[in-house]
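What's in structure24.cif: mmCIF, C-alpha atoms
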```
data_model
loop_
_atom_site.label_atom_id
_atom_site.label_comp_id
_atom_site.auth_asym_id
_atom_site.auth_seq_id
_atom_site.Cartn_x
_atom_site.Cartn_y
_atom_site.Cartn_z
CA MET R 3 133.90 207.95 149.60
CA SER R 4 132.67 209.84 152.64
CA HIS R 5 128.99 210.30 153.41
CA THR R 6 128.04 207.48 151.03
CA PHE R 7 124.83 206.84 152.95
CA PHE R 8 123.50 210.39 152.37
CA ILE R 9 124.44 210.42 148.67
CA ALA R 10 122.99 206.96 147.97
CA LEU R 11 119.77 207.69 149.88
CA SER R 12 119.30 210.97 147.97
CA TYR R 13 119.59 209.24 144.59
CA ILE R 14 117.45 206.25 145.64
CA LEU R 15 114.65 208.45 146.99
CA THR R 16 114.72 210.67 143.90
CA ALA R 17 114.59 207.61 141.62
CA LEU R 18 111.65 206.22 143.62
CA VAL R 19 109.66 209.48 143.46
CA VAL R 20 110.28 209.93 139.70
CA ALA R 21 109.47 206.25 139.04
CA GLY R 22 106.30 206.70 141.10
CA LEU R 23 105.29 209.70 138.96
CA ILE R 24 105.89 207.74 135.74
CA LEU R 25 104.03 204.66 137.03
CA ARG R 26 101.11 206.80 138.21
CA ALA R 27 100.95 208.52 134.80
CA VAL R 28 100.91 205.19 132.92
CA ILE R 29 98.34 203.50 135.20
CA ASP R 30 96.03 206.54 135.35
CA HIS R 31 96.11 206.91 131.55
CA ARG R 32 95.27 203.22 131.05
CA ILE R 33 92.36 203.40 133.51
CA GLN R 34 90.85 206.44 131.77
CA ALA R 35 91.43 205.03 128.27
CA ARG R 36 89.75 201.76 129.28
CA ALA R 37 86.80 203.57 130.86
CA LEU R 38 86.36 205.69 127.73
CA ALA R 39 86.54 202.64 125.46
CA GLU R 40 83.90 200.85 127.58
CA LEU R 41 81.53 203.81 127.44
CA GLU R 42 81.97 204.16 123.69
CA SER R 43 81.47 200.42 123.18
CA ARG R 44 78.10 200.79 124.97
CA GLY R 45 77.14 203.37 122.34
CA VAL R 46 77.42 206.43 124.56
CA GLY R 47 78.48 209.30 122.32
CA ARG R 48 79.09 212.96 122.83
CA ARG R 49 76.41 215.45 121.83
CA SER R 50 78.64 216.69 119.02
CA ARG R 51 78.70 213.25 117.46
CA ARG R 52 74.94 212.79 117.51
CA GLY R 53 74.44 215.38 114.80
CA MET H 26 100.09 228.26 118.49
CA ILE H 27 98.38 228.40 121.91
CA ARG H 28 95.07 229.26 120.22
CA GLU H 29 95.51 226.33 117.82
CA LEU H 30 96.01 223.99 120.76
CA ALA H 31 92.75 225.20 122.33
CA ASN H 32 91.07 222.27 120.63
CA PRO H 33 91.60 219.25 122.93
CA THR H 34 91.39 216.81 120.00
CA ARG H 35 94.18 218.68 118.21
CA PHE H 36 96.18 218.75 121.42
CA MET H 37 95.74 214.98 121.88
CA SER H 38 96.98 214.36 118.36
CA LEU H 39 100.01 216.64 118.64
CA SER H 40 100.97 215.55 122.16
CA GLY H 41 100.57 211.89 121.18
CA THR H 42 103.23 212.40 118.50
CA LEU H 43 105.45 214.53 120.71
CA LEU H 44 105.37 212.48 123.93
CA PRO H 45 107.51 209.48 122.86
CA TRP H 46 110.18 211.86 121.51
CA VAL H 47 110.27 213.97 124.67
CA GLY H 48 110.31 210.83 126.84
CA GLY H 49 113.10 209.25 124.80
CA LEU H 50 115.14 212.46 124.82
CA ALA H 51 114.63 212.74 128.60
CA ALA H 52 116.00 209.21 129.12
CA LEU H 53 118.98 209.92 126.85
CA VAL H 54 119.91 213.25 128.46
CA MET H 55 119.42 211.75 131.94
CA ALA H 56 121.81 208.91 131.06
CA VAL H 57 124.42 211.42 129.80
CA GLY H 58 123.90 213.61 132.87
CA LEU H 59 124.29 210.71 135.31
CA TYR H 60 127.43 209.54 133.49
CA MET H 61 128.93 213.02 133.83
CA VAL H 62 127.95 213.26 137.50
CA TRP H 63 129.46 209.90 138.43
CA PHE H 64 132.44 209.66 136.06
CA THR H 65 133.62 213.12 135.04
CA ALA H 66 132.48 215.68 137.65
CA PRO H 67 135.16 216.27 140.28
CA ALA H 68 134.68 216.10 144.02
CA ASP H 69 134.35 219.49 145.72
CA TYR H 70 137.43 220.73 147.55
CA GLN H 71 135.37 221.32 150.71
CA GLN H 72 132.39 218.97 150.44
CA GLY H 73 134.12 216.01 148.79
CA GLU H 74 131.78 213.57 147.00
CA THR H 75 128.78 214.87 148.97
CA VAL H 76 128.47 217.56 146.29
CA LYS H 77 126.91 214.86 144.05
CA ILE H 78 123.64 215.52 145.88
CA MET H 79 123.68 218.98 144.29
CA TYR H 80 123.09 217.46 140.82
CA ILE H 81 119.61 216.28 141.84
CA HIS H 82 118.79 218.79 144.58
CA VAL H 83 119.28 221.93 142.47
CA PRO H 84 117.36 220.73 139.34
CA ALA H 85 114.52 219.58 141.62
CA ALA H 86 114.42 223.06 143.20
CA TRP H 87 114.37 224.71 139.76
CA LEU H 88 111.55 222.43 138.58
CA SER H 89 109.58 223.15 141.72
CA LEU H 90 109.57 226.84 140.76
CA PHE H 91 109.18 226.07 137.03
CA PHE H 92 106.00 224.05 137.57
CA TYR H 93 104.61 226.70 139.88
CA MET H 94 105.16 229.26 137.11
CA ILE H 95 103.36 226.93 134.67
CA MET H 96 100.48 226.71 137.15
CA ALA H 97 100.39 230.48 137.66
CA SER H 98 100.32 231.20 133.90
CA SER H 99 97.67 228.49 133.47
CA ALA H 100 95.66 230.14 136.25
CA LEU H 101 95.75 233.39 134.28
CA GLY H 102 94.70 231.41 131.20
CA THR H 103 91.73 230.06 133.15
CA LEU H 104 90.61 233.31 134.79
CA VAL H 105 91.42 235.87 132.08
CA TRP H 106 91.36 234.14 128.71
CA ARG H 107 89.23 231.10 129.65
CA HIS H 108 91.50 228.88 127.56
CA PRO H 109 89.92 225.40 127.50
CA LEU H 110 93.22 223.63 128.23
CA ALA H 111 94.53 226.06 130.87
CA ASP H 112 92.94 224.30 133.84
CA VAL H 113 93.88 220.92 132.37
CA SER H 114 97.50 222.11 132.31
CA GLN H 115 97.20 223.49 135.83
CA LYS H 116 95.74 220.27 137.24
CA ALA H 117 98.38 218.12 135.53
CA ALA H 118 101.24 220.33 136.76
CA ALA H 119 100.33 220.31 140.47
CA PRO H 120 101.36 216.75 141.46
CA ILE H 121 104.56 216.99 139.40
CA GLY H 122 105.55 220.29 141.03
CA ALA H 123 104.72 218.89 144.47
CA ALA H 124 106.85 215.79 143.83
CA PHE H 125 109.88 217.86 142.75
CA THR H 126 109.43 220.15 145.78
CA LEU H 127 109.45 217.05 148.00
CA ILE H 128 112.62 215.77 146.27
CA CYS H 129 114.23 219.18 146.80
CA LEU H 130 113.38 219.24 150.52
CA VAL H 131 114.43 215.62 151.20
CA THR H 132 117.71 215.78 149.26
CA GLY H 133 118.40 219.17 150.84
CA SER H 134 118.01 217.59 154.28
CA LEU H 135 120.27 214.69 153.32
CA TRP H 136 122.86 217.18 152.03
CA GLY H 137 122.46 219.43 155.06
CA LYS H 138 123.17 216.78 157.70
CA PRO H 139 126.78 216.02 156.67
CA MET H 140 127.53 219.63 155.60
CA TRP H 141 125.75 221.73 158.23
CA GLY H 142 125.38 219.10 160.95
CA THR H 143 121.58 219.27 160.87
CA TYR H 144 118.77 217.89 158.72
CA TRP H 145 116.66 221.01 159.12
CA GLN H 146 116.99 224.67 160.01
CA TRP H 147 114.19 227.23 160.02
CA ASP H 148 116.08 229.54 157.68
CA ALA H 149 114.47 231.63 154.93
CA ARG H 150 115.17 229.35 151.95
CA LEU H 151 114.23 226.11 153.68
CA THR H 152 111.10 227.56 155.26
CA SER H 153 109.87 229.22 152.05
CA MET H 154 110.44 225.92 150.21
CA LEU H 155 108.40 224.08 152.85
CA VAL H 156 105.66 226.71 152.40
CA MET H 157 105.85 225.96 148.65
CA LEU H 158 105.18 222.27 149.33
CA LEU H 159 102.25 223.16 151.60
CA ILE H 160 100.79 225.41 148.86
CA TYR H 161 101.12 222.57 146.34
CA LEU H 162 99.38 220.19 148.77
CA GLY H 163 96.63 222.76 149.38
CA ILE H 164 96.08 223.11 145.63
CA LEU H 165 95.91 219.32 145.20
CA ALA H 166 93.41 219.10 148.07
CA LEU H 167 91.25 221.86 146.56
CA TRP H 168 91.15 220.09 143.19
CA ARG H 169 89.81 217.01 144.99
CA ALA H 170 87.40 218.93 147.20
CA ILE H 171 85.33 220.49 144.36
CA GLU H 172 83.81 217.95 142.01
CA GLU H 173 82.68 220.23 139.17
CA PRO H 174 85.83 220.85 137.02
CA ASN H 175 85.08 224.48 136.03
CA ARG H 176 84.31 225.61 139.59
CA ALA H 177 87.36 223.75 140.89
CA ALA H 178 89.54 225.40 138.22
CA ARG H 179 88.43 228.91 139.18
CA ALA H 180 88.95 228.32 142.92
CA VAL H 181 92.35 226.68 142.34
CA SER H 182 93.40 229.49 139.98
CA ILE H 183 92.78 232.10 142.67
CA LEU H 184 94.67 230.06 145.27
CA THR H 185 97.53 229.50 142.78
CA LEU H 186 97.87 233.22 142.02
CA VAL H 187 97.82 234.10 145.73
CA GLY H 188 100.47 231.42 146.37
CA ALA H 189 102.64 232.81 143.54
CA VAL H 190 103.78 235.50 145.99
CA ASN H 191 105.97 232.77 147.49
CA VAL H 192 107.93 232.20 144.24
CA PRO H 193 110.11 235.36 144.43
CA ILE H 194 110.45 234.81 148.18
CA VAL H 195 111.95 231.35 147.51
CA LYS H 196 114.21 232.67 144.75
CA PHE H 197 115.54 235.75 146.53
CA SER H 198 115.39 234.49 150.14
CA VAL H 199 119.14 233.82 150.13
CA ASP H 200 119.83 237.38 148.91
CA TRP H 201 117.35 239.15 151.20
CA TRP H 202 118.29 237.28 154.39
CA ASN H 203 121.77 236.17 155.38
CA THR H 204 121.02 232.65 156.59
CA LEU H 205 122.46 229.13 156.71
CA HIS H 206 121.66 228.32 153.07
CA GLN H 207 124.39 229.29 150.61
CA PRO H 208 123.68 232.22 148.23
CA ALA H 209 122.72 231.73 144.56
CA SER H 210 125.67 230.40 142.56
CA VAL H 211 124.28 229.76 139.05
CA PHE H 212 121.60 232.31 138.11
CA ARG H 213 123.09 235.51 139.51
CA LEU H 214 123.91 238.92 138.08
CA GLY H 215 127.68 238.42 138.22
CA GLY H 216 127.47 235.07 136.39
CA PRO H 217 127.87 231.54 137.81
CA THR H 218 130.44 230.98 140.55
CA ILE H 219 130.63 227.22 139.95
CA HIS H 220 133.55 225.84 137.91
CA SER H 221 132.54 224.59 134.45
CA SER H 222 133.53 221.00 135.38
CA MET H 223 130.59 221.05 137.81
CA LEU H 224 128.36 223.57 136.04
CA VAL H 225 128.07 221.55 132.79
CA PRO H 226 126.88 218.31 134.49
CA LEU H 227 124.52 220.39 136.61
CA LEU H 228 122.99 222.04 133.54
CA VAL H 229 122.73 218.68 131.73
CA MET H 230 120.91 217.24 134.75
CA ALA H 231 118.66 220.31 134.83
CA VAL H 232 117.75 219.76 131.15
CA ALA H 233 117.13 216.05 131.86
CA PHE H 234 114.85 216.84 134.82
CA THR H 235 113.02 219.45 132.73
CA LEU H 236 112.43 216.97 129.90
CA VAL H 237 111.15 214.37 132.40
CA GLY H 238 108.86 217.03 133.84
CA VAL H 239 107.58 218.12 130.42
CA ALA H 240 106.91 214.47 129.42
CA LEU H 241 105.01 213.91 132.68
CA HIS H 242 103.07 217.14 132.18
CA LEU H 243 102.05 216.25 128.62
CA SER H 244 101.03 212.77 129.76
CA GLY H 245 99.09 214.20 132.71
CA MET H 246 97.24 216.62 130.43
CA ARG H 247 96.31 213.81 128.03
CA THR H 248 94.97 211.72 130.91
CA GLU H 249 93.00 214.67 132.30
CA ILE H 250 91.36 215.24 128.90
CA LEU H 251 90.37 211.55 128.82
CA ARG H 252 89.06 211.80 132.41
CA ARG H 253 86.82 214.71 131.41
CA ARG H 254 85.53 212.83 128.38
CA VAL H 255 84.73 209.86 130.63
CA ARG H 256 82.91 212.21 133.04
CA THR H 257 80.89 213.81 130.22
CA LEU H 258 79.93 210.45 128.72
CA THR H 259 78.99 209.02 132.12
CA ILE H 260 76.65 211.97 132.70
CA LEU H 261 75.18 211.55 129.19
CA GLU H 262 74.62 207.84 129.80
CA ALA H 263 72.91 208.58 133.13
CA GLU H 264 70.67 211.17 131.43
CA ARG H 265 69.76 208.67 128.69
CA LEU H 266 68.91 205.97 131.23
CA ASP H 267 66.79 208.45 133.20
CA ALA H 268 64.92 209.44 130.03
CA GLN H 269 64.29 205.79 129.16
CA ALA H 270 62.99 205.06 132.65
CA ALA H 271 60.63 208.06 132.64
#
```

Rewrite the structure from the file as structure tokens, please.
Amino acid sequence: MSHTFFIALSYILTALVVAGLILRAVIDHRIQARALAELESRGVGRRSRRG
Amino acid sequence: MIRELANPTRFMSLSGTLLPWVGGLAALVMAVGLYMVWFTAPADYQQGETVKIMYIHVPAAWLSLFFYMIMASSALGTLVWRHPLADVSQKAAAPIGAAFTLICLVTGSLWGKPMWGTYWQWDARLTSMLVMLLIYLGILALWRAIEEPNRAARAVSILTLVGAVNVPIVKFSVDWWNTLHQPASVFRLGGPTIHSSMLVPLLVMAVAFTLVGVALHLSGMRTEILRRRVRTLTILEAERLDAQAA
């Protein structure tokens, strides 16, 4: 196969960028979910829930 | 439907159900697409196996425009209809669109070197695509620069709508200017000029990329809603502590 280097590098870089997006989405979601759970466990509620 | 989703809690519930299905379908279609690219799609009579770069380069280019259109319609939703989830959608779409624009530019360069003999040429399509990446980066920077979400959303919406002028320039640059980049070969008035043995894997890969993008967008919106709840509760907690101290 000719130009293997260019083809392989294209696919590897694309895989890395997409994997980075997925990883970022998972980590960011976990951080926010944990922060929200901590706040709620301290009894901080939204105005709407206070009645 | 859009009005029903205006309630973030309802959106969280619906997207929570939808996300695993979209993610799973994306993985499945991507696997089928990659199989077709590597085991059934023929080599090009001129480019040889280098044409395999097309199957990621072209979908990435489409998604770059697709996410910009999502951002532009969300910007209208923010400025005109003040839809509560419009700016959430816009903020979640920006990094995804920027990433696919980067993929498009990098794979285009890696395709260009063996085919054109150069990684880069200041031609209309390549330059307008680079401008697209710079607009995405500007939008991301503006989101970070303004702390208050509603003010940031309005400023970003205006910038997004101004930047939308670049979308038709990217799309039609190869028709308006006769440059190094090849003319449109899939979405054109006379129909696709690519043989079905290459067109079908390309469309399957485009669907796979779109599903990945939609899954990332839904996930990003969910995280942004959580981030705003965290922000609101942090402010409420600070207010409560201040009141107790006073």

*Of the listed residues H:Ala270, H:Leu110, H:Ser198, H:Lys116, that which approaches H:Met37 most closely, counting only C-alpha atoms*: H:Leu110

_Interatomic distance (Å, one decimal) between atom CA of H:Met79 and atom CA of R:Ile9_ = 9.6 Å

*Which residues fall under the PyMOL selection byres ((chain R) within 7 of (chain H)) in this file, as JSON, numbers by chain?*
{"R": [3, 4, 5, 8, 9, 12, 16, 19, 24, 27, 30, 31, 34, 35, 37, 38, 41, 46, 47, 48]}

*Which one is closest to H:Ala119: H:Leu43, H:Val156, H:Val232, H:Ala97? Count only C-alpha atoms.*
H:Ala97

_Atom-to-atom span, atom CA of H:Ala123 and atom CA of H:Tyr161, Å_ =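 So the two atoms, atom CA of H:Ala123 and atom CA of H:Tyr161, lie 5.5 Å apart.
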
*In Å, how far is it from atom CA of H:Leu130 to atom CA of H:His220?*
24.7 Å

*For the structure shown, which residues end up in the PyMOL selection byres ((chain H and resi 55-57) around 8)? Put them as number ranges by chain, please?*
H: 51-54, 58-61, 229-230, 233-234

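Nearest to R:Val20 of all the residues H:Gln269, H:Asn175, H:Thr126, H:Thr143 is H:Thr126, counting all atoms listed in the file.
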
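Put simply, the PyMOL selection byres ((chain H and resi 154) around 10) in this file takes in Ala86, Ser89, Leu90, Thr126, Leu127, Cys129, Leu130, Ala149, Arg150, Leu151, Thr152, Ser153, Leu155, Val156, Met157, Leu158, Leu159, Ile160, Asn191, Val192, Ile194, Val195, Lys196 and Ser198 of chain H.
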
*Nearest to H:Asp148: which of H:Trp201, H:Arg107, H:Ala271, H:Glu264 is it, counting all atoms listed in the file?*
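Between H:Trp201, H:Arg107, H:Ala271, H:Glu264, the residue approaching H:Asp148 most closely is H:Trp201.
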